[in-house]
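The file protein.cif contains mmCIF, C-alpha atoms:
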```cif
data_upload
loop_
_atom_site.group_PDB
_atom_site.id
_atom_site.type_symbol
_atom_site.label_atom_id
_atom_site.label_comp_id
_atom_site.auth_asym_id
_atom_site.auth_seq_id
_atom_site.Cartn_x
_atom_site.Cartn_y
_atom_site.Cartn_z
ATOM 1 C CA MET A 6 68.372 63.351 177.761
ATOM 2 C CA PRO A 7 65.005 61.690 177.009
ATOM 3 C CA ILE A 8 63.991 61.270 173.385
ATOM 4 C CA VAL A 9 60.421 61.228 172.121
ATOM 5 C CA TRP A 10 59.808 59.339 168.849
ATOM 6 C CA LEU A 11 57.530 60.970 166.305
ATOM 7 C CA THR A 12 56.466 60.053 162.794
ATOM 8 C CA MET A 13 56.170 62.676 160.092
ATOM 9 C CA ASN A 14 52.842 62.241 158.336
ATOM 10 C CA VAL A 15 54.108 63.468 154.944
ATOM 11 C CA ARG A 16 56.904 60.958 154.307
ATOM 12 C CA ARG A 17 56.463 58.535 157.213
ATOM 13 C CA GLN A 18 60.076 59.052 158.170
ATOM 14 C CA ALA A 19 61.173 58.536 161.765
ATOM 15 C CA VAL A 20 62.329 61.625 163.605
ATOM 16 C CA CYS A 21 63.369 62.146 167.211
ATOM 17 C CA MET A 22 62.636 65.095 169.415
ATOM 18 C CA ALA A 23 65.151 65.824 172.145
ATOM 19 C CA ALA A 24 64.099 67.298 175.482
ATOM 20 C CA ASP A 25 65.075 70.773 174.230
ATOM 21 C CA GLY A 26 62.518 70.509 171.408
ATOM 22 C CA ARG A 27 64.979 70.014 168.535
ATOM 23 C CA ILE A 28 63.883 67.486 165.921
ATOM 24 C CA ARG A 29 66.328 65.291 164.036
ATOM 25 C CA SER A 30 65.786 62.642 161.432
ATOM 26 C CA GLN A 31 66.967 59.169 162.382
ATOM 27 C CA GLU A 32 67.748 58.483 158.715
ATOM 28 C CA VAL A 33 70.029 61.527 158.597
ATOM 29 C CA ALA A 34 71.818 60.478 161.789
ATOM 30 C CA THR A 35 72.287 56.937 160.466
ATOM 31 C CA LYS A 36 73.604 58.095 157.081
ATOM 32 C CA PHE A 37 75.970 60.586 158.719
ATOM 33 C CA GLY A 38 77.205 57.824 161.020
ATOM 34 C CA ARG A 39 77.914 55.500 158.102
ATOM 35 C CA ASN A 40 79.815 58.261 156.304
ATOM 36 C CA LEU A 41 81.847 59.028 159.434
ATOM 37 C CA TYR A 42 82.640 55.348 160.013
ATOM 38 C CA ARG A 43 83.735 54.899 156.375
ATOM 39 C CA CYS A 44 86.003 57.962 156.473
ATOM 40 C CA ARG A 45 87.501 57.008 159.844
ATOM 41 C CA ARG A 46 88.281 53.473 158.712
ATOM 42 C CA ARG A 47 89.764 54.779 155.463
ATOM 43 C CA ALA A 48 92.051 57.029 157.533
ATOM 44 C CA ALA A 49 93.032 53.948 159.610
ATOM 45 C CA MET A 50 92.062 55.643 162.878
ATOM 46 C CA SER A 51 90.458 54.294 165.999
ATOM 47 C CA GLN A 52 87.548 56.153 167.571
ATOM 48 C CA GLU A 53 89.913 57.213 170.337
ATOM 49 C CA GLU A 54 92.483 58.598 167.872
ATOM 50 C CA LEU A 55 89.833 60.513 165.943
ATOM 51 C CA GLY A 56 88.364 61.836 169.179
ATOM 52 C CA ALA A 57 91.762 63.131 170.297
ATOM 53 C CA LEU A 58 92.422 64.868 166.962
ATOM 54 C CA ALA A 59 88.913 66.376 166.883
ATOM 55 C CA SER A 60 88.870 67.321 170.608
ATOM 56 C CA LEU A 61 85.901 64.996 171.200
ATOM 57 C CA HIS A 62 85.470 62.038 173.542
ATOM 58 C CA ARG A 63 85.677 58.600 171.915
ATOM 59 C CA THR A 64 82.169 57.779 173.153
ATOM 60 C CA GLU A 65 80.805 60.727 171.175
ATOM 61 C CA ILE A 66 82.502 59.363 168.054
ATOM 62 C CA GLY A 67 80.772 56.035 168.723
ATOM 63 C CA MET A 68 77.366 57.670 169.233
ATOM 64 C CA LEU A 69 77.779 59.654 166.009
ATOM 65 C CA GLU A 70 78.745 56.521 164.070
ATOM 66 C CA GLN A 71 75.808 54.559 165.514
ATOM 67 C CA GLY A 72 73.363 57.322 164.614
ATOM 68 C CA THR A 73 72.279 57.955 168.199
ATOM 69 C CA ARG A 74 73.678 61.462 168.037
ATOM 70 C CA LEU A 75 73.768 64.015 165.224
ATOM 71 C CA ALA A 76 76.719 66.386 164.879
ATOM 72 C CA ARG A 77 76.392 70.151 165.144
ATOM 73 C CA VAL A 78 78.190 72.323 162.607
ATOM 74 C CA ASP A 79 81.213 72.878 164.861
ATOM 75 C CA THR A 80 81.517 69.122 165.453
ATOM 76 C CA LEU A 81 81.188 68.461 161.720
ATOM 77 C CA MET A 82 84.084 70.857 161.049
ATOM 78 C CA LYS A 83 86.249 69.281 163.787
ATOM 79 C CA LEU A 84 85.653 65.799 162.390
ATOM 80 C CA ALA A 85 86.317 66.829 158.790
ATOM 81 C CA GLY A 86 89.520 68.602 159.807
ATOM 82 C CA ALA A 87 90.743 65.676 161.908
ATOM 83 C CA LEU A 88 90.049 63.258 159.040
ATOM 84 C CA SER A 89 91.498 65.628 156.402
ATOM 85 C CA VAL A 90 88.313 65.388 154.313
ATOM 86 C CA SER A 91 85.780 67.914 153.120
ATOM 87 C CA PRO A 92 82.658 68.262 155.290
ATOM 88 C CA LEU A 93 80.792 67.275 152.096
ATOM 89 C CA GLU A 94 82.265 63.769 152.428
ATOM 90 C CA LEU A 95 80.592 63.404 155.819
ATOM 91 C CA LEU A 96 77.294 64.789 154.457
ATOM 92 C CA ASP A 97 77.380 62.662 151.303
ATOM 93 C CA GLY A 98 73.942 61.321 150.411
ATOM 94 C CA ILE A 99 72.042 63.674 152.740
ATOM 95 C CA HIS A 100 69.849 66.218 150.959
ATOM 96 C CA TRP A 101 67.135 68.670 152.020
ATOM 97 C CA VAL A 102 64.027 68.635 149.862
ATOM 98 C CA PRO A 103 61.948 71.800 150.404
ATOM 99 C CA GLY A 104 58.187 71.481 150.474
ATOM 100 C CA ASN A 105 55.720 73.726 148.639
ATOM 101 C CA SER A 106 53.163 74.583 151.293
ATOM 102 C CA ALA A 107 53.953 71.653 153.607
ATOM 103 C CA ALA A 108 57.116 71.098 155.584
ATOM 104 C CA GLY A 109 60.136 69.889 153.633
ATOM 105 C CA GLY A 110 62.107 66.789 154.477
ATOM 106 C CA PHE A 111 65.449 65.086 154.150
ATOM 107 C CA SER A 112 66.264 62.788 151.270
ATOM 108 C CA ILE A 113 68.842 60.041 151.765
ATOM 109 C CA THR A 114 70.636 58.493 148.800
ATOM 110 C CA ASP A 115 73.023 55.564 148.679
ATOM 111 C CA ARG A 116 75.014 56.932 145.769
ATOM 112 C CA SER A 117 78.161 58.258 147.370
ATOM 113 C CA LEU A 118 80.061 61.390 146.420
ATOM 114 C CA ALA A 119 83.295 59.395 146.498
ATOM 115 C CA ARG A 120 82.015 56.949 143.872
ATOM 116 C CA ARG A 121 80.883 59.818 141.634
ATOM 117 C CA ARG A 122 84.332 61.403 141.886
ATOM 118 C CA GLY A 123 86.112 58.100 141.364
ATOM 119 C CA ASN A 124 87.807 58.055 144.762
ATOM 120 C CA SER A 125 86.772 57.142 148.283
ATOM 121 C CA CYS A 126 87.412 58.570 151.671
#
```

Could you render the structure from this file as structure tokens?
Amino acid sequence: MPIVWLTMNVRRQAVCMAADGRIRSQEVATKFGRNLYRCRRRAAMSQEELGALASLHRTEIGMLEQGTRLARVDTLMKLAGALSVSPLELLDGIHWVPGNSAAGGFSITDRSLARRRGNSC
């Protein structure tokens, strides 16, 4: 699937457009991937083990962790269930900031939900 790189003129944040016209933020994909990697390592699972529990191929787990792929809602739920964590743990630090008359955008923070709660996944 070819990807076209665009730059949003409001926040200068990199986004990708897939061949089907869907746009995704590279920052969101990267942050999600870091969260997934952290939770998987905390659960002491390999990508292959997580893939088997979530009914996903291990290469998809790798692409999600590397930020080259962004999970759909059903994939998010499979991953959270397989890791025994809340989907919020995988979305930690990813926020939508609505715009007034212009398009909104994603906001990425480094402050993790786990640190705020006093535990980690």

Report summary line: Nearest to A:Pro92, restricted to all atoms listed in the file and choosing among A:Ile113, A:Ala76, A:Leu61, A:Asn105, comes out as A:Ala76

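The space separating atom CA of A:Arg43 from atom CA of A:Ser60 comes to 19.6 Å.
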
Report task. One decimal, Å: what's the distance from atom CA of A:Glu65 over to atom CA of A:Gly109, could you say? Result ->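 Calculated distance between atom CA of A:Glu65 and atom CA of A:Gly109 is 28.6 Å.
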
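The space between atom CA of A:Leu95 and atom CA of A:Ala108 spans 24.7 Å.
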
Requested in this report: Spell out the residues picked by the PyMOL selection byres ((chain A and resi 70) around 8) here, as a list in words.
Outcome: Thr35, Phe37, Gly38, Arg39, Leu41, Tyr42, Ile66, Gly67, Met68, Leu69, Gln71, Gly72 and Thr73 of chain A
